[in-house]
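Comments concern the structure below.
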Amino acid sequence: MLRSATLRTKRPVDDRHHAAAITQPASGCGLGATENVTIRLFNFGNTLPASTWFNVSYTINSGIPRTELVTLGSALLSNSTLTYTFTTQANLTTPGSYTFDATVSLAGDVNPTNDAFSSYVVESVAASNAGTLSGPTSGSAGVLTVTGNTGAIVQWEESPDTQRWFKLANTTASQSFSGLTTTTHFRARVANGACGNPVSNVVTVVP
């Protein structure tokens, strides 16, 4: 009896065999609505001839299974791998943690207990957004504020000419200034984890 191309959660005793895995998507910043889901299957059984068909499925956070039919275009040899990318993509636009489980099902499989791979975690992290900087554009004193940002303010910067920027020791949402005697440009830099550190729009203050 043929055994299926299987997904394994543990490495077999025979080191020539490799544990199968979900290989896509990967954790990252600003993941989208059309992320590919790719699995790698290992055939621990006999060679599967061309035209053999079987179902593969994946779920996200134990939700509704996405099931697709795989038909082999060529033989899948014993002790060999097959990589398959689902046509049904994953929507990971909402930041958070997603747990993927995958299964394969082949009629006549003599050992269906090893046909699942579970608990593959993908972290979707929101891209950094510097938000909007607003405040007075004239006067020698005032307060500037950043709103609508995604991520933490890592520094404020000021410049006399928008070419040379100098760091200010402040990581809060507001930056005060006083005693200005020359035109000064301000901006804020924001970072959400490792997802970039963009700068806000520039507010120019004329005393």
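Just so we're on the same page: first chain in the structure tokens is A, next is B, and so on; residues restart at 1 for each chain, and ligands are numbered from 1 in the order they show up.
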
**Prompt:** Per DSSP on the backbone, what are the strand (DSSP E) residues of range 43-96 of chain A, as a ChimeraX atom specification?
**Reply:** /A:43,53-60,66-71,81-85,96

Same residues, N, CA and C atoms, saved as an mmCIF file, in the first residue's frame:
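Produced file selection.cif, reproduced below:
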data_model
loop_
_atom_site.group_PDB
_atom_site.id
_atom_site.type_symbol
_atom_site.label_atom_id
_atom_site.label_comp_id
_atom_site.auth_asym_id
_atom_site.auth_seq_id
_atom_site.Cartn_x
_atom_site.Cartn_y
_atom_site.Cartn_z
ATOM 1 N N ASN A 43 7.788 12.502 1.206
ATOM 2 C CA ASN A 43 7.199 11.183 0.956
ATOM 3 C C ASN A 43 8.014 10.114 1.669
ATOM 4 N N TRP A 53 -3.404 11.888 -6.871
ATOM 5 C CA TRP A 53 -3.975 13.122 -6.325
ATOM 6 C C TRP A 53 -4.233 12.960 -4.833
ATOM 7 N N PHE A 54 -4.180 14.074 -4.144
ATOM 8 C CA PHE A 54 -4.468 14.077 -2.706
ATOM 9 C C PHE A 54 -4.834 15.502 -2.304
ATOM 10 N N ASN A 55 -5.471 15.628 -1.161
ATOM 11 C CA ASN A 55 -5.877 16.940 -0.651
ATOM 12 C C ASN A 55 -4.860 17.484 0.340
ATOM 13 N N VAL A 56 -4.648 18.769 0.269
ATOM 14 C CA VAL A 56 -3.853 19.468 1.279
ATOM 15 C C VAL A 56 -4.713 20.588 1.844
ATOM 16 N N SER A 57 -4.522 20.892 3.113
ATOM 17 C CA SER A 57 -5.333 21.916 3.773
ATOM 18 C C SER A 57 -4.464 22.735 4.708
ATOM 19 N N TYR A 58 -4.904 23.952 4.946
ATOM 20 C CA TYR A 58 -4.301 24.724 6.032
ATOM 21 C C TYR A 58 -5.385 25.523 6.730
ATOM 22 N N THR A 59 -5.152 25.798 7.996
ATOM 23 C CA THR A 59 -6.057 26.643 8.767
ATOM 24 C C THR A 59 -5.241 27.746 9.426
ATOM 25 N N ILE A 60 -5.918 28.843 9.729
ATOM 26 C CA ILE A 60 -5.315 29.949 10.463
ATOM 27 C C ILE A 60 -6.096 30.122 11.758
ATOM 28 N N ARG A 66 -8.733 25.719 4.475
ATOM 29 C CA ARG A 66 -8.610 25.994 3.043
ATOM 30 C C ARG A 66 -8.063 24.719 2.422
ATOM 31 N N THR A 67 -8.894 24.012 1.681
ATOM 32 C CA THR A 67 -8.521 22.705 1.142
ATOM 33 C C THR A 67 -8.374 22.777 -0.368
ATOM 34 N N GLU A 68 -7.271 22.215 -0.875
ATOM 35 C CA GLU A 68 -7.024 22.204 -2.321
ATOM 36 C C GLU A 68 -6.571 20.826 -2.768
ATOM 37 N N LEU A 69 -6.870 20.529 -4.019
ATOM 38 C CA LEU A 69 -6.512 19.237 -4.604
ATOM 39 C C LEU A 69 -5.168 19.360 -5.319
ATOM 40 N N VAL A 70 -4.256 18.449 -5.001
ATOM 41 C CA VAL A 70 -2.948 18.394 -5.667
ATOM 42 C C VAL A 70 -2.921 17.155 -6.547
ATOM 43 N N THR A 71 -2.603 17.340 -7.818
ATOM 44 C CA THR A 71 -2.429 16.219 -8.742
ATOM 45 C C THR A 71 -0.989 16.230 -9.222
ATOM 46 N N THR A 81 10.942 15.241 -1.602
ATOM 47 C CA THR A 81 10.061 16.309 -1.140
ATOM 48 C C THR A 81 9.268 16.925 -2.283
ATOM 49 N N LEU A 82 8.164 17.533 -1.908
ATOM 50 C CA LEU A 82 7.327 18.286 -2.833
ATOM 51 C C LEU A 82 6.951 19.595 -2.149
ATOM 52 N N THR A 83 7.174 20.690 -2.844
ATOM 53 C CA THR A 83 6.782 22.001 -2.321
ATOM 54 C C THR A 83 5.512 22.449 -3.021
ATOM 55 N N TYR A 84 4.540 22.874 -2.223
ATOM 56 C CA TYR A 84 3.255 23.279 -2.786
ATOM 57 C C TYR A 84 2.841 24.619 -2.200
ATOM 58 N N THR A 85 2.454 25.538 -3.101
ATOM 59 C CA THR A 85 1.935 26.838 -2.686
ATOM 60 C C THR A 85 0.441 26.880 -2.964
ATOM 61 N N GLY A 96 -0.851 41.163 14.409
ATOM 62 C CA GLY A 96 -1.111 40.189 15.455
ATOM 63 C C GLY A 96 -0.385 38.890 15.188
#

Per residue of range 117-207 of chain A within 7 Å of range 21-32 of chain A, record the nearest atom pair and its distance in Å to one decimal, counting only C-alpha atoms, with rows in chain order and ascending residue number, as CSV.
residue,atom,partner,partner_atom,distance
A:Phe117,CA,A:Ala21,CA,6.8
A:Tyr120,CA,A:Ile22,CA,7.0
A:Val122,CA,A:Ser27,CA,4.7
A:Glu123,CA,A:Ser27,CA,4.6
A:Ser124,CA,A:Gly28,CA,5.6
A:Val125,CA,A:Cys29,CA,4.6
A:Ala126,CA,A:Gly30,CA,4.9
A:Ala127,CA,A:Gly30,CA,4.7
A:Cys195,CA,A:Cys29,CA,5.6

Residues from last step as file, C-alpha atoms, as a tab-separated table (two decimals), in the first residue's frame:
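Final output, result06.tsv:
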chain	number	residue	atom	x	y	z
A	117	PHE	CA	2.11	19.96	10.87
A	120	TYR	CA	3.53	27.43	12.82
A	122	VAL	CA	3.53	34.13	11.98
A	123	GLU	CA	3.79	37.57	13.57
A	124	SER	CA	2.30	40.37	11.49
A	125	VAL	CA	3.68	43.69	12.72
A	126	ALA	CA	2.23	47.01	11.63
A	127	ALA	CA	4.56	49.10	9.51
A	195	CYS	CA	9.63	48.07	10.98

**Prompt:** Can you tell me how far CA of Asn61 in chain A sits from CA of Thr99 in chain A, in Å to one decimal?
**Reply:**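 Going from CA of Asn61 in chain A over to CA of Thr99 in chain A covers 5.0 Å.
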
**Close residues, Arg164 in chain A itself excluded, 12 Å, only C-alpha atoms, min 3 positions apart in chain, as an NGL selection string** = :A and (157-161 or 167 or 184-186)

**Prompt:** Quick one: residues within 7 Å of Thr182 in chain A, only C-alpha atoms counted, chain neighbours fewer than 2 positions away excluded, as JSON, numbers by chain?
**Reply:** {"A": [180, 184, 206, 207]}

**Message:** For a quick check of understanding, using only C-alpha atoms, which of A:Ser140, A:Thr47, A:Thr132, A:Ser118 has the smallest distance to Ile153 in chain A?
**Reply:**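 For Ile153 in chain A, the nearest of the given residues is A:Thr132.
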
**Asked** Taking into account only C-alpha atoms, which residue in the set A:Ser134, A:Ala116, A:Gly45, A:Asn197 is nearest to Val104 in chain A?
**Response**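 Checking each of A:Ser134, A:Ala116, A:Gly45, A:Asn197 against Val104 in chain A, counting only C-alpha atoms, the winner is A:Ala116.
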
**Request:** Using only C-alpha atoms, pick whichever of A:Val203, A:Ala173, A:Val154, A:Ala50 has the shortest atom-to-atom distance to Ala191 in chain A.
**Result:**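 Result for the nearest residue to Ala191 in chain A: A:Val154.
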
**Request:** Pick out the residues sitting within 8 Å of Ala188 in chain A, and hand them over as a VMD selection string; count only C-alpha atoms, and ignore anything fewer than 4 positions along from it in its own chain.
**Result:** chain A and resid 130 133 146 153 to 157 199 to 201
